[in-house]
$ cat input_25.csv   # CSV, C-alpha atoms
chain,number,residue,atom,x,y,z
A,1458,MET,CA,19.6,21.0,18.4
A,1459,LYS,CA,21.0,24.0,20.2
A,1460,ILE,CA,23.4,26.6,18.8
A,1461,ARG,CA,26.2,27.1,21.3
A,1462,PRO,CA,28.6,30.1,21.0
A,1463,GLU,CA,31.7,27.9,21.1
A,1464,ILE,CA,30.8,26.2,17.8
A,1465,LEU,CA,33.1,28.6,16.0
A,1466,ASP,CA,36.0,27.9,18.4
A,1467,HIS,CA,36.3,24.5,16.6
A,1468,TRP,CA,36.5,25.8,13.1
A,1469,PRO,CA,38.2,22.7,11.5
A,1470,GLU,CA,35.4,20.5,12.8
A,1471,VAL,CA,32.8,23.0,11.6
A,1472,SER,CA,34.4,23.5,8.2
A,1473,ALA,CA,34.5,19.7,7.7
A,1474,HIS,CA,30.7,19.8,7.3
A,1475,PHE,CA,30.8,22.0,4.3
A,1476,PRO,CA,30.0,20.2,1.0
A,1477,ALA,CA,32.9,18.5,-0.6
A,1478,GLY,CA,34.0,20.2,-3.8
A,1479,PHE,CA,32.3,23.5,-2.9
A,1480,ASP,CA,35.1,26.1,-3.5
A,1481,LEU,CA,34.5,28.9,-1.0
A,1482,GLU,CA,37.1,31.2,-2.6
A,1483,ALA,CA,35.9,30.8,-6.2
A,1484,THR,CA,32.2,31.0,-5.4
A,1485,ALA,CA,32.7,34.1,-3.2
A,1486,ARG,CA,34.6,35.9,-5.9
A,1487,SER,CA,32.1,34.9,-8.6
A,1488,ARG,CA,29.3,36.2,-6.5
A,1489,GLY,CA,31.1,39.5,-5.7
A,1490,ALA,CA,31.2,38.7,-2.0
A,1491,PHE,CA,35.0,38.8,-1.9
A,1492,ALA,CA,37.1,40.9,-4.2
A,1493,ARG,CA,40.2,42.1,-2.3
A,1494,THR,CA,42.3,40.8,0.6
A,1495,GLN,CA,42.5,44.1,2.5
A,1496,LYS,CA,41.4,43.6,6.2
A,1497,ILE,CA,39.8,40.2,5.3
A,1498,LYS,CA,42.4,37.9,4.0
A,1499,ASN,CA,40.2,35.2,2.3
A,1500,ALA,CA,36.7,33.9,1.8
A,1501,GLU,CA,36.9,31.5,4.7
A,1502,THR,CA,37.6,34.4,7.0
A,1503,LEU,CA,34.6,36.3,5.6
A,1504,LEU,CA,32.4,33.3,6.2
A,1505,ARG,CA,33.6,33.0,9.8
A,1506,LEU,CA,32.7,36.6,10.4
A,1507,ALA,CA,29.3,36.1,8.8
A,1508,LEU,CA,28.6,33.1,11.0
A,1509,ALA,CA,29.7,35.0,14.1
A,1510,TYR,CA,27.3,37.8,13.3
A,1511,GLY,CA,24.3,35.9,12.0
A,1512,GLY,CA,24.9,32.4,13.3
A,1513,LEU,CA,25.8,33.3,16.9
A,1514,GLY,CA,23.8,36.5,17.2
A,1515,MET,CA,26.7,38.9,17.9
A,1516,SER,CA,26.3,42.6,17.1
A,1517,LEU,CA,28.5,44.1,14.4
A,1518,ARG,CA,30.7,45.7,17.1
A,1519,GLU,CA,30.9,42.4,19.0
A,1520,THR,CA,31.8,40.5,15.9
A,1521,CYS,CA,34.7,43.0,15.1
A,1522,ALA,CA,35.9,42.7,18.7
A,1523,TRP,CA,35.7,38.9,18.6
A,1524,ALA,CA,37.7,38.9,15.3
A,1525,GLU,CA,40.3,41.2,16.7
A,1526,ALA,CA,40.8,39.2,19.9
A,1527,GLY,CA,41.1,36.0,17.9
A,1528,GLU,CA,43.5,37.6,15.4
A,1529,ILE,CA,41.0,36.6,12.6
A,1530,ALA,CA,40.6,40.1,11.1
A,1531,SER,CA,40.8,43.7,12.0
A,1532,LEU,CA,38.0,46.0,10.7
A,1533,SER,CA,35.4,48.4,11.8
A,1534,GLY,CA,31.6,47.9,12.2
A,1535,PRO,CA,30.7,49.9,9.0
A,1536,SER,CA,33.3,48.0,7.0
A,1537,LEU,CA,31.9,44.6,8.3
A,1538,LEU,CA,28.4,45.7,7.5
A,1539,ASP,CA,29.4,46.5,3.9
A,1540,ARG,CA,31.1,43.2,3.5
A,1541,LEU,CA,28.2,41.2,4.9
A,1542,CYS,CA,25.7,43.0,2.6
A,1543,LYS,CA,27.7,42.0,-0.4
A,1544,ALA,CA,28.0,38.4,0.9
A,1545,ALA,CA,24.3,37.7,1.2
A,1546,PRO,CA,23.8,35.9,-2.2
A,1547,TRP,CA,26.9,33.9,-1.6
A,1548,LEU,CA,25.7,32.8,1.8
A,1549,GLY,CA,22.4,31.8,0.2
A,1550,ASP,CA,24.4,29.6,-2.2
A,1551,ILE,CA,26.1,27.9,0.8
A,1552,VAL,CA,22.7,27.2,2.4
A,1553,ALA,CA,21.4,25.7,-0.9
A,1554,GLU,CA,24.6,23.5,-1.3
A,1555,LEU,CA,24.4,22.3,2.3
A,1556,ILE,CA,20.8,21.2,1.8
A,1557,ALA,CA,21.6,19.6,-1.6
A,1558,GLU,CA,24.5,17.7,0.0
A,1559,GLN,CA,22.4,16.1,2.7
A,1560,THR,CA,19.6,15.2,0.3
A,1561,ARG,CA,22.0,13.3,-2.0
A,1562,VAL,CA,21.6,10.4,0.3
A,1563,PRO,CA,18.6,8.4,-0.9
A,1564,ALA,CA,15.6,9.0,1.4
A,1565,GLY,CA,13.2,6.4,2.5
A,1566,ARG,CA,10.1,5.7,0.4
A,1567,TRP,CA,6.8,4.1,1.0
A,1568,ALA,CA,5.2,2.1,-1.8
A,1569,GLY,CA,7.5,3.9,-4.2
A,1570,TYR,CA,6.5,7.4,-3.0
A,1571,ARG,CA,8.5,10.2,-1.4
A,1572,LEU,CA,6.4,12.1,1.2
A,1573,ARG,CA,7.2,15.9,1.4
A,1574,ALA,CA,5.6,18.8,3.2
A,1575,LEU,CA,5.6,22.4,1.9
A,1576,ASP,CA,5.0,25.4,4.1
A,1577,GLY,CA,6.2,29.0,4.7
A,1578,THR,CA,7.2,30.7,8.0
A,1579,SER,CA,7.4,34.4,8.7
A,1580,ILE,CA,10.4,36.3,9.9
A,1581,CYS,CA,9.9,39.9,11.2
A,1582,GLU,CA,12.4,42.7,11.4
A,1583,PRO,CA,12.8,44.7,14.7
A,1584,GLY,CA,9.6,46.6,15.5
A,1585,ALA,CA,7.6,45.1,12.7
A,1586,ASP,CA,4.0,43.9,13.4
A,1587,ARG,CA,3.8,41.9,10.3
A,1588,THR,CA,5.8,39.6,8.0
A,1589,THR,CA,9.0,41.1,6.6
A,1590,TRP,CA,10.6,38.0,5.2
A,1591,ARG,CA,9.2,34.6,4.3
A,1592,LEU,CA,11.0,31.3,4.4
A,1593,HIS,CA,9.5,28.7,2.0
A,1594,VAL,CA,10.6,25.2,3.1
A,1595,GLY,CA,10.2,21.8,1.5
A,1596,TYR,CA,10.6,19.0,4.1
A,1597,ASP,CA,11.3,15.4,3.4
A,1598,LEU,CA,9.3,13.4,5.9
A,1599,ALA,CA,11.2,10.2,5.6
A,1600,ALA,CA,14.6,11.8,6.1
A,1601,GLY,CA,13.3,14.2,8.7
A,1602,GLN,CA,15.1,17.2,7.1
A,1603,VAL,CA,14.7,20.2,4.9
A,1604,ASP,CA,15.2,19.3,1.2
A,1605,GLN,CA,14.5,22.7,-0.4
A,1606,LEU,CA,14.5,26.3,0.8
A,1607,GLU,CA,13.8,29.7,-0.6
A,1608,LEU,CA,13.9,33.1,1.1
A,1609,THR,CA,11.7,35.9,-0.2
A,1610,ASP,CA,10.5,39.3,1.1
A,1611,VAL,CA,6.9,39.8,2.1
A,1612,HIS,CA,5.7,39.8,-1.5
A,1613,GLY,CA,6.9,36.3,-2.1
A,1614,ALA,CA,3.6,34.4,-2.1
A,1615,GLU,CA,3.2,30.8,-0.9
A,1616,ASN,CA,2.6,28.5,-3.8
A,1617,LEU,CA,3.3,24.9,-4.8
A,1618,GLN,CA,5.8,26.1,-7.5
A,1619,ARG,CA,8.3,27.0,-4.7
A,1620,LEU,CA,9.3,23.3,-4.9
A,1621,SER,CA,10.7,21.3,-7.7
A,1622,TYR,CA,9.2,17.8,-8.1
A,1623,ARG,CA,10.0,14.5,-9.6
A,1624,PRO,CA,8.0,11.4,-10.2
A,1625,GLY,CA,6.9,9.6,-7.1
A,1626,ASP,CA,6.7,12.7,-4.9
A,1627,ILE,CA,3.6,13.4,-2.7
A,1628,VAL,CA,3.5,16.9,-1.5
A,1629,LEU,CA,1.3,17.9,1.5
A,1630,ALA,CA,0.3,21.5,1.8
A,1631,ASP,CA,-2.3,23.6,3.6
A,1632,ARG,CA,-5.2,25.7,2.2
A,1633,TYR,CA,-2.9,28.7,1.2
A,1634,TYR,CA,-1.6,26.5,-1.6
A,1635,ALA,CA,-4.9,25.5,-3.1
A,1636,ARG,CA,-4.7,27.6,-6.3
A,1637,PRO,CA,-5.8,26.4,-9.7
A,1638,ARG,CA,-2.7,27.5,-11.6
A,1639,ASP,CA,-0.3,25.7,-9.2
A,1640,LEU,CA,-2.0,22.2,-9.2
A,1641,ARG,CA,-1.5,21.0,-12.8
A,1642,PRO,CA,2.3,21.6,-12.9
A,1643,VAL,CA,2.7,19.2,-10.0
A,1644,ILE,CA,0.9,16.5,-11.9
A,1645,ASP,CA,2.8,17.4,-15.1
A,1646,ALA,CA,6.1,16.7,-13.2
A,1647,GLY,CA,4.9,13.2,-12.4
A,1648,ALA,CA,4.2,14.0,-8.7
A,1649,ASP,CA,1.0,14.1,-6.6
A,1650,PHE,CA,-0.5,16.3,-3.9
A,1651,ILE,CA,-2.7,16.4,-0.9
A,1652,VAL,CA,-3.8,20.0,-0.4
A,1653,ARG,CA,-6.3,21.3,2.1
A,1654,THR,CA,-8.9,23.6,0.7
A,1655,GLY,CA,-11.7,25.9,1.9
A,1656,TRP,CA,-15.2,26.3,0.6
A,1657,ASN,CA,-14.3,29.4,-1.4
A,1658,SER,CA,-10.6,28.6,-2.2
A,1659,LEU,CA,-11.4,27.1,-5.7
A,1660,ARG,CA,-14.2,27.1,-8.1
A,1661,LEU,CA,-15.2,23.4,-8.2
A,1662,LEU,CA,-17.2,21.8,-10.9
A,1663,GLN,CA,-18.7,18.3,-11.4
A,1664,ALA,CA,-16.5,16.0,-13.4
A,1665,ASN,CA,-18.7,16.7,-16.5
A,1666,GLY,CA,-18.2,20.4,-16.2
A,1667,GLU,CA,-21.6,21.2,-14.6
A,1668,PRO,CA,-21.8,23.4,-11.5
A,1669,PHE,CA,-20.9,21.6,-8.2
A,1670,ASP,CA,-22.9,22.4,-5.1
A,1671,LEU,CA,-20.4,21.8,-2.3
A,1672,PHE,CA,-22.8,22.5,0.6
A,1673,ALA,CA,-25.4,20.1,-0.9
A,1674,ALA,CA,-22.6,17.4,-1.0
A,1675,LEU,CA,-21.7,18.2,2.6
A,1676,ALA,CA,-25.4,18.0,3.7
A,1677,ALA,CA,-25.8,14.7,1.9
A,1678,GLN,CA,-22.8,13.1,3.6
A,1679,ILE,CA,-23.8,10.1,5.7
A,1680,GLU,CA,-20.5,8.5,6.6
A,1681,GLN,CA,-17.9,10.5,8.6
A,1682,GLU,CA,-15.5,10.1,5.7
A,1683,SER,CA,-16.3,10.2,2.0
A,1684,GLU,CA,-15.1,11.5,-1.3
A,1685,VAL,CA,-16.5,13.0,-4.5
A,1686,GLN,CA,-14.9,13.5,-7.9
A,1687,VAL,CA,-14.6,17.2,-8.9
A,1688,ARG,CA,-13.2,19.2,-11.8
A,1689,ILE,CA,-11.1,22.3,-11.1
A,1690,HIS,CA,-12.0,25.4,-13.0
A,1691,GLU,CA,-8.6,26.7,-14.1
A,1692,GLY,CA,-9.9,29.9,-15.6
A,1693,VAL,CA,-7.8,29.8,-18.8
A,1694,THR,CA,-8.5,28.5,-22.2
A,1695,GLU,CA,-5.4,26.9,-23.8
A,1696,SER,CA,-4.8,26.2,-27.5
A,1697,PRO,CA,-4.8,23.3,-28.0
A,1698,PRO,CA,-7.1,22.7,-24.9
A,1699,THR,CA,-5.7,20.5,-22.2
A,1700,GLU,CA,-7.6,17.7,-20.5
A,1701,PRO,CA,-9.7,18.9,-17.6
A,1702,LEU,CA,-8.1,18.6,-14.2
A,1703,ILE,CA,-10.2,15.9,-12.4
A,1704,LEU,CA,-9.4,15.4,-8.7
A,1705,ARG,CA,-10.8,13.8,-5.6
A,1706,LEU,CA,-12.3,15.9,-2.9
A,1707,VAL,CA,-12.0,14.0,0.4
A,1708,ILE,CA,-14.4,15.1,3.1
A,1709,ARG,CA,-14.3,14.3,6.7
A,1710,ARG,CA,-16.8,15.5,9.3
A,1711,LYS,CA,-15.1,16.9,12.4
A,1712,ASP,CA,-16.0,15.8,15.9
A,1713,PRO,CA,-18.5,18.3,17.4
A,1714,GLU,CA,-16.1,19.8,19.9
A,1715,HIS,CA,-13.5,20.5,17.2
A,1716,ALA,CA,-16.1,22.0,14.9
A,1717,GLN,CA,-17.4,24.2,17.6
A,1718,ALA,CA,-13.9,25.4,18.5
A,1719,GLU,CA,-13.3,26.4,14.9
A,1720,GLN,CA,-16.6,28.2,14.7
A,1721,LYS,CA,-15.8,30.1,17.8
A,1722,ARG,CA,-12.5,31.1,16.4
A,1723,LEU,CA,-14.1,32.4,13.2
A,1724,LEU,CA,-16.7,34.4,15.2
A,1725,LYS,CA,-14.0,35.9,17.5
A,1726,GLU,CA,-11.8,37.0,14.5
A,1727,ALA,CA,-14.9,38.5,12.8
A,1728,LYS,CA,-15.8,40.4,15.9
A,1729,LYS,CA,-12.2,41.8,16.2
A,1730,ARG,CA,-12.5,43.1,12.6
A,1731,GLY,CA,-16.0,44.4,13.1
A,1732,LYS,CA,-17.5,42.1,10.4
A,1733,GLN,CA,-20.1,39.4,10.2
A,1734,VAL,CA,-19.1,35.8,9.6
A,1735,ASP,CA,-20.4,34.3,6.3
A,1736,PRO,CA,-22.8,31.5,7.3
A,1737,ARG,CA,-21.1,29.3,4.8
A,1738,SER,CA,-17.8,29.6,6.6
A,1739,LEU,CA,-19.5,28.4,9.8
A,1740,GLU,CA,-21.0,25.4,8.0
A,1741,ALA,CA,-17.7,24.6,6.3
A,1742,ALA,CA,-15.9,24.7,9.7
A,1743,LYS,CA,-17.6,21.4,10.5
A,1744,TYR,CA,-15.6,19.6,7.8
A,1745,ILE,CA,-12.1,18.9,6.6
A,1746,LEU,CA,-11.7,19.2,2.9
A,1747,LEU,CA,-8.7,17.8,1.1
A,1748,LEU,CA,-8.0,17.8,-2.7
A,1749,THR,CA,-5.8,15.0,-4.0
A,1750,SER,CA,-4.5,13.6,-7.3
A,1751,LEU,CA,-3.7,10.2,-5.8
A,1752,PRO,CA,-5.5,7.2,-7.2
A,1753,PRO,CA,-8.4,6.0,-5.1
A,1754,ALA,CA,-7.6,2.3,-5.7
A,1755,VAL,CA,-4.3,2.7,-3.8
A,1756,PHE,CA,-5.2,5.5,-1.4
A,1757,PRO,CA,-8.7,5.3,0.1
A,1758,PRO,CA,-10.1,8.4,1.9
A,1759,ALA,CA,-8.9,7.3,5.4
A,1760,ASP,CA,-5.3,7.0,4.1
A,1761,ILE,CA,-5.4,10.4,2.5
A,1762,LEU,CA,-6.6,12.0,5.8
A,1763,ALA,CA,-3.9,10.1,7.7
A,1764,LEU,CA,-1.1,11.0,5.3
A,1765,TYR,CA,-2.1,14.7,5.5
A,1766,ARG,CA,-1.5,14.6,9.3
A,1767,PHE,CA,2.2,14.2,8.6
A,1768,ARG,CA,2.3,17.8,7.4
A,1769,TRP,CA,2.6,18.9,11.0
A,1770,GLN,CA,6.2,17.6,11.1
A,1771,ILE,CA,7.3,20.7,9.2
A,1772,GLU,CA,5.8,22.8,12.0
A,1773,LEU,CA,8.2,21.0,14.3
A,1774,ALA,CA,11.1,21.9,12.0
A,1775,PHE,CA,10.0,25.5,12.1
A,1776,LYS,CA,9.9,25.3,15.9
A,1777,ARG,CA,13.5,24.0,16.0
A,1778,PHE,CA,14.7,26.8,13.7
A,1779,LYS,CA,12.9,29.5,15.5
A,1780,SER,CA,13.0,28.6,19.2
A,1781,LEU,CA,16.2,26.6,19.3
A,1782,ALA,CA,18.2,28.2,16.5
A,1783,GLY,CA,17.0,31.7,17.2
A,1784,LEU,CA,15.6,32.4,13.7
A,1785,ASP,CA,12.8,34.5,15.3
A,1786,THR,CA,15.1,37.3,16.5
A,1787,LEU,CA,16.1,39.1,13.3
A,1788,PRO,CA,18.1,42.2,14.4
A,1789,ALA,CA,18.7,43.8,11.0
A,1790,LYS,CA,16.4,46.2,9.1
A,1791,LYS,CA,18.7,46.8,6.1
A,1792,PRO,CA,17.5,44.2,3.5
A,1793,GLU,CA,20.9,43.1,2.3
A,1794,LEU,CA,22.1,42.7,5.9
A,1795,ALA,CA,18.9,40.9,6.9
A,1796,ARG,CA,19.4,38.4,4.2
A,1797,ALA,CA,23.0,37.8,5.2
A,1798,TRP,CA,21.9,37.3,8.9
A,1799,ILE,CA,19.2,34.8,8.0
A,1800,TYR,CA,21.4,32.8,5.7
A,1801,ALA,CA,24.2,32.7,8.2
A,1802,ARG,CA,21.8,31.6,10.9
A,1803,LEU,CA,20.6,28.8,8.7
A,1804,ILE,CA,24.1,27.7,7.9
A,1805,VAL,CA,24.9,27.4,11.6
A,1806,ALA,CA,21.6,25.7,12.3
A,1807,ILE,CA,22.1,23.1,9.6
A,1808,ILE,CA,25.7,22.3,10.7
A,1809,ALA,CA,24.6,22.2,14.4
A,1810,GLU,CA,22.0,19.6,13.5
A,1811,GLN,CA,24.6,17.6,11.7
A,1812,ILE,CA,27.0,17.8,14.6
A,1813,ALA,CA,24.3,16.8,17.0
A,1814,GLY,CA,24.1,13.6,15.1
A,1815,GLN,CA,20.4,13.4,14.4
A,1816,VAL,CA,17.4,15.5,13.7
A,1817,PRO,CA,14.4,14.9,16.0
A,1818,ASP,CA,11.9,12.9,14.0
A,1819,SER,CA,9.1,12.0,16.4
A,1820,SER,CA,5.6,12.5,15.0
A,1821,PRO,CA,3.5,15.3,16.3
A,1822,SER,CA,1.3,12.8,18.1
A,1823,GLY,CA,4.2,11.8,20.4
A,1824,PRO,CA,5.3,8.2,21.0
A,1825,ASP,CA,3.4,5.6,19.1
A,1826,ASN,CA,4.4,2.4,20.7
A,1827,ALA,CA,4.6,0.9,24.1
A,1828,THR,CA,8.4,1.6,24.5
A,1829,GLY,CA,7.8,5.3,24.0
A,1830,GLN,CA,10.3,5.5,21.1
A,1831,PRO,CA,9.6,8.2,18.5
A,1832,PHE,CA,8.4,7.1,15.1
A,1833,ALA,CA,10.2,8.1,11.9
A,1834,LEU,CA,8.7,7.6,8.4
A,1835,ALA,CA,10.3,4.4,7.2
A,1836,SER,CA,11.2,3.1,3.8
A,1837,ARG,CA,9.3,-0.1,4.5
A,1838,GLU,CA,5.7,-0.2,3.5
A,1839,ASP,CA,4.5,-2.2,6.5
A,1840,SER,CA,5.9,0.4,9.0
A,1841,LEU,CA,4.0,3.3,7.5
A,1842,SER,CA,0.9,1.2,7.0
A,1843,PHE,CA,1.0,0.5,10.7
A,1844,HIS,CA,1.3,4.2,11.4
A,1845,LEU,CA,-1.5,5.0,9.1
A,1846,ARG,CA,-3.8,2.7,11.0
A,1847,ARG,CA,-2.7,4.2,14.3
A,1848,HIS,CA,-3.3,7.7,13.1
A,1849,SER,CA,-6.5,7.1,11.1
A,1850,TRP,CA,-9.4,9.4,12.0
A,1851,ALA,CA,-11.4,6.2,12.3
A,1852,THR,CA,-9.6,5.6,15.6
A,1853,PRO,CA,-11.9,6.6,18.6
A,1854,VAL,CA,-11.0,10.0,20.0
A,1855,ALA,CA,-10.3,8.5,23.4
A,1856,ASP,CA,-7.7,6.1,22.0
A,1857,ARG,CA,-6.2,8.4,19.4
A,1858,PRO,CA,-2.7,9.8,20.0
A,1859,GLN,CA,-2.9,13.5,20.5
A,1860,PRO,CA,-0.6,16.0,18.6
A,1861,LEU,CA,1.3,18.8,20.1
A,1862,GLN,CA,-0.9,21.8,21.0
A,1863,PRO,CA,-2.1,24.1,19.7
A,1864,ASN,CA,-2.8,21.9,16.7
A,1865,PRO,CA,-5.8,19.6,17.5
A,1866,PRO,CA,-5.9,16.5,15.3
A,1867,SER,CA,-9.3,17.0,13.8
A,1868,SER,CA,-8.8,20.7,13.0
A,1869,LEU,CA,-5.4,20.1,11.4

$ encode --input "input_25.csv" --output "structure tokens"
Amino acid sequence: MKIRPEILDHWPEVSAHFPAGFDLEATARSRGAFARTQKIKNAETLLRLALAYGGLGMSLRETCAWAEAGEIASLSGPSLLDRLCKAAPWLGDIVAELIAEQTRVPAGRWAGYRLRALDGTSICEPGADRTTWRLHVGYDLAAGQVDQLELTDVHGAENLQRLSYRPGDIVLADRYYARPRDLRPVIDAGADFIVRTGWNSLRLLQANGEPFDLFAALAAQIEQESEVQVRIHEGVTESPPTEPLILRLVIRRKDPEHAQAEQKRLLKEAKKRGKQVDPRSLEAAKYILLLTSLPPAVFPPADILALYRFRWQIELAFKRFKSLAGLDTLPAKKPELARAWIYARLIVAIIAEQIAGQVPDSSPSGPDNATGQPFALASREDSLSFHLRRHSWATPVADRPQPLQPNPPSSL
């Protein structure tokens, strides 16, 4: 998927991809994005200007010149800036509707489950050395497309409640999402999760409520893969009290080379900060720890570990949005204008993918059959079962398909 500047030269074809029944004029007026016809004659014209500025990366001056040359509108840069700032919430509504439209088609399922990944990606304003905006994305792995999206400023924390869930969902998330208050609502919605955790991310107890010694459990592990039942300390007392949150902690010992690489990374980061590494962090670096609510009778530890590897597909979606769609070059510092730019860029990126005809859906491990064809999560149970076997950590390292760098398979 590549955004080409001539995409707006074919407006009828582009506008055909907007959701049926979405009234641009009415929604723009209700959101306060469009109130008068002076200089900009209708909401469709305002949208074209927003997509030229945000979607194609024109400056405000270039957008005004483009609109003048094409007899689309005649206005100044400050006037366009003001219109775009007011249009930001409306553009966000269009993004949400585009995503909702493409998810109305039933996605593939496996054994009755819908696999989803959740993650956030940072967007920085010009000159910033840290996150300015954060894009929270839910990704349907079977459909190979974004199914939910939320834009927040830097204060918008990553948590599992950024997504809405329904029965049969399995959400895959990294260690930033391992928070006690966020786990139970997923289960209450009828969904399940596989969430990576660290040694100090949560307070773990034994199933009977007694203290749980994680490092004793790690030291006692004989097999490369194992699991133990744990209880999550949620830190609140409800009236009436709820049932304890009992989960499975799936443990896998990393290959020595991957464990050593993680330990070196921790030591390097600590040295950069002028601090000492906690010895427990170095010990925990030898293992992969996953918390899951899935039943052990259906999902043994090897399948939990294999399913979690699919989470990297959302990283490929981020790569498409950033490197191909140009979402990593935010030119605006004014918050309202920045929101408008990001939403406009997302609108064009989504439509460009639709026009391209397909979203790349190959697994991060590359081709997984002799023909070199990419693998897409299928609705048929046998297809995914085959892929689980191919990507199981039980597969010898020499024979295991390797994911895209810099994400080694054992370090996830």

$ closest_residue --input "input_25.csv" --among "A:Asp1639, A:Leu1532, A:Pro1788, A:Ala1599" --to "A:Asn1616" --atoms "only C-alpha atoms"
A:Asp1639

$ residues_around --input "input_25.csv" --residues "stretch 1793-1806 of chain A" --least-positions-apart "6" --cutoff "9 Å" --atoms "only C-alpha atoms" --output "ChimeraX atom specification"
/A:1458-1460,1464,1504,1507-1514,1538-1539,1541-1549,1551-1552,1555,1582,1590,1608,1778,1781-1784,1787

$ closest_residue --input "input_25.csv" --among "A:Thr1749, A:Trp1468, A:Ser1531, A:Asp1550" --to "A:Ser1487" --atoms "all atoms listed in the file"
A:Asp1550

$ closest_residue --input "input_25.csv" --among "A:Lys1725, A:Arg1540, A:Arg1505, A:Lys1711" --to "A:Leu1675" --atoms "all atoms listed in the file"
A:Lys1711

$ atom_distance --input "input_25.csv" --atom1 "atom CA of A:Ala1646" --atom2 "atom CA of A:Ala1557"
19.6 Å

$ closest_residue --input "input_25.csv" --among "A:Ile1497, A:Leu1706, A:Met1515, A:Ile1761" --to "A:Gln1686" --atoms "all atoms listed in the file"
A:Leu1706

$ closest_residue --input "input_25.csv" --among "A:Ala1635, A:Val1471, A:Ala1485, A:Val1628" --to "A:Ile1808" --atoms "all atoms listed in the file"
A:Val1471

$ decode --input "input_25.csv" --residues "stretch 1679-1694 of chain A" --atoms "N, CA and C atoms" --output "PDB file, in the first residue's frame"
ATOM      1  N   ILE A1679      11.299 -27.995  34.890  1.00  0.00           N
ATOM      2  CA  ILE A1679      12.124 -29.034  34.248  1.00  0.00           C
ATOM      3  C   ILE A1679      11.944 -29.001  32.743  1.00  0.00           C
ATOM      4  N   GLU A1680      10.687 -28.986  32.304  1.00  0.00           N
ATOM      5  CA  GLU A1680      10.402 -28.940  30.876  1.00  0.00           C
ATOM      6  C   GLU A1680      10.646 -27.526  30.342  1.00  0.00           C
ATOM      7  N   GLN A1681      10.849 -27.421  29.015  1.00  0.00           N
ATOM      8  CA  GLN A1681      11.040 -26.100  28.429  1.00  0.00           C
ATOM      9  C   GLN A1681       9.770 -25.278  28.509  1.00  0.00           C
ATOM     10  N   GLU A1682       8.611 -25.942  28.450  1.00  0.00           N
ATOM     11  CA  GLU A1682       7.324 -25.253  28.544  1.00  0.00           C
ATOM     12  C   GLU A1682       6.523 -25.866  29.682  1.00  0.00           C
ATOM     13  N   SER A1683       5.901 -25.024  30.484  1.00  0.00           N
ATOM     14  CA  SER A1683       5.075 -25.504  31.586  1.00  0.00           C
ATOM     15  C   SER A1683       4.046 -24.438  31.922  1.00  0.00           C
ATOM     16  N   GLU A1684       3.186 -24.739  32.875  1.00  0.00           N
ATOM     17  CA  GLU A1684       2.216 -23.754  33.319  1.00  0.00           C
ATOM     18  C   GLU A1684       1.897 -23.996  34.780  1.00  0.00           C
ATOM     19  N   VAL A1685       1.423 -22.930  35.432  1.00  0.00           N
ATOM     20  CA  VAL A1685       1.009 -23.020  36.824  1.00  0.00           C
ATOM     21  C   VAL A1685      -0.231 -22.144  36.993  1.00  0.00           C
ATOM     22  N   GLN A1686      -1.125 -22.570  37.849  1.00  0.00           N
ATOM     23  CA  GLN A1686      -2.329 -21.794  38.100  1.00  0.00           C
ATOM     24  C   GLN A1686      -2.025 -20.710  39.131  1.00  0.00           C
ATOM     25  N   VAL A1687      -2.419 -19.488  38.837  1.00  0.00           N
ATOM     26  CA  VAL A1687      -2.149 -18.371  39.746  1.00  0.00           C
ATOM     27  C   VAL A1687      -3.421 -17.572  39.967  1.00  0.00           C
ATOM     28  N   ARG A1688      -3.402 -16.832  41.029  1.00  0.00           N
ATOM     29  CA  ARG A1688      -4.502 -15.912  41.359  1.00  0.00           C
ATOM     30  C   ARG A1688      -3.960 -14.489  41.267  1.00  0.00           C
ATOM     31  N   ILE A1689      -4.722 -13.594  40.672  1.00  0.00           N
ATOM     32  CA  ILE A1689      -4.303 -12.201  40.520  1.00  0.00           C
ATOM     33  C   ILE A1689      -4.789 -11.391  41.708  1.00  0.00           C
ATOM     34  N   HIS A1690      -3.858 -10.698  42.353  1.00  0.00           N
ATOM     35  CA  HIS A1690      -4.237  -9.782  43.431  1.00  0.00           C
ATOM     36  C   HIS A1690      -4.742  -8.497  42.786  1.00  0.00           C
ATOM     37  N   GLU A1691      -6.047  -8.248  42.903  1.00  0.00           N
ATOM     38  CA  GLU A1691      -6.657  -7.105  42.228  1.00  0.00           C
ATOM     39  C   GLU A1691      -6.637  -5.830  43.056  1.00  0.00           C
ATOM     40  N   GLY A1692      -6.298  -5.949  44.333  1.00  0.00           N
ATOM     41  CA  GLY A1692      -6.074  -4.762  45.136  1.00  0.00           C
ATOM     42  C   GLY A1692      -7.312  -4.031  45.593  1.00  0.00           C
ATOM     43  N   VAL A1693      -8.497  -4.574  45.337  1.00  0.00           N
ATOM     44  CA  VAL A1693      -9.733  -3.913  45.776  1.00  0.00           C
ATOM     45  C   VAL A1693     -10.634  -4.946  46.430  1.00  0.00           C
ATOM     46  N   THR A1694     -11.426  -4.495  47.367  1.00  0.00           N
ATOM     47  CA  THR A1694     -12.404  -5.364  48.029  1.00  0.00           C
ATOM     48  C   THR A1694     -13.793  -4.883  47.650  1.00  0.00           C
TER      49      THR A1694
END
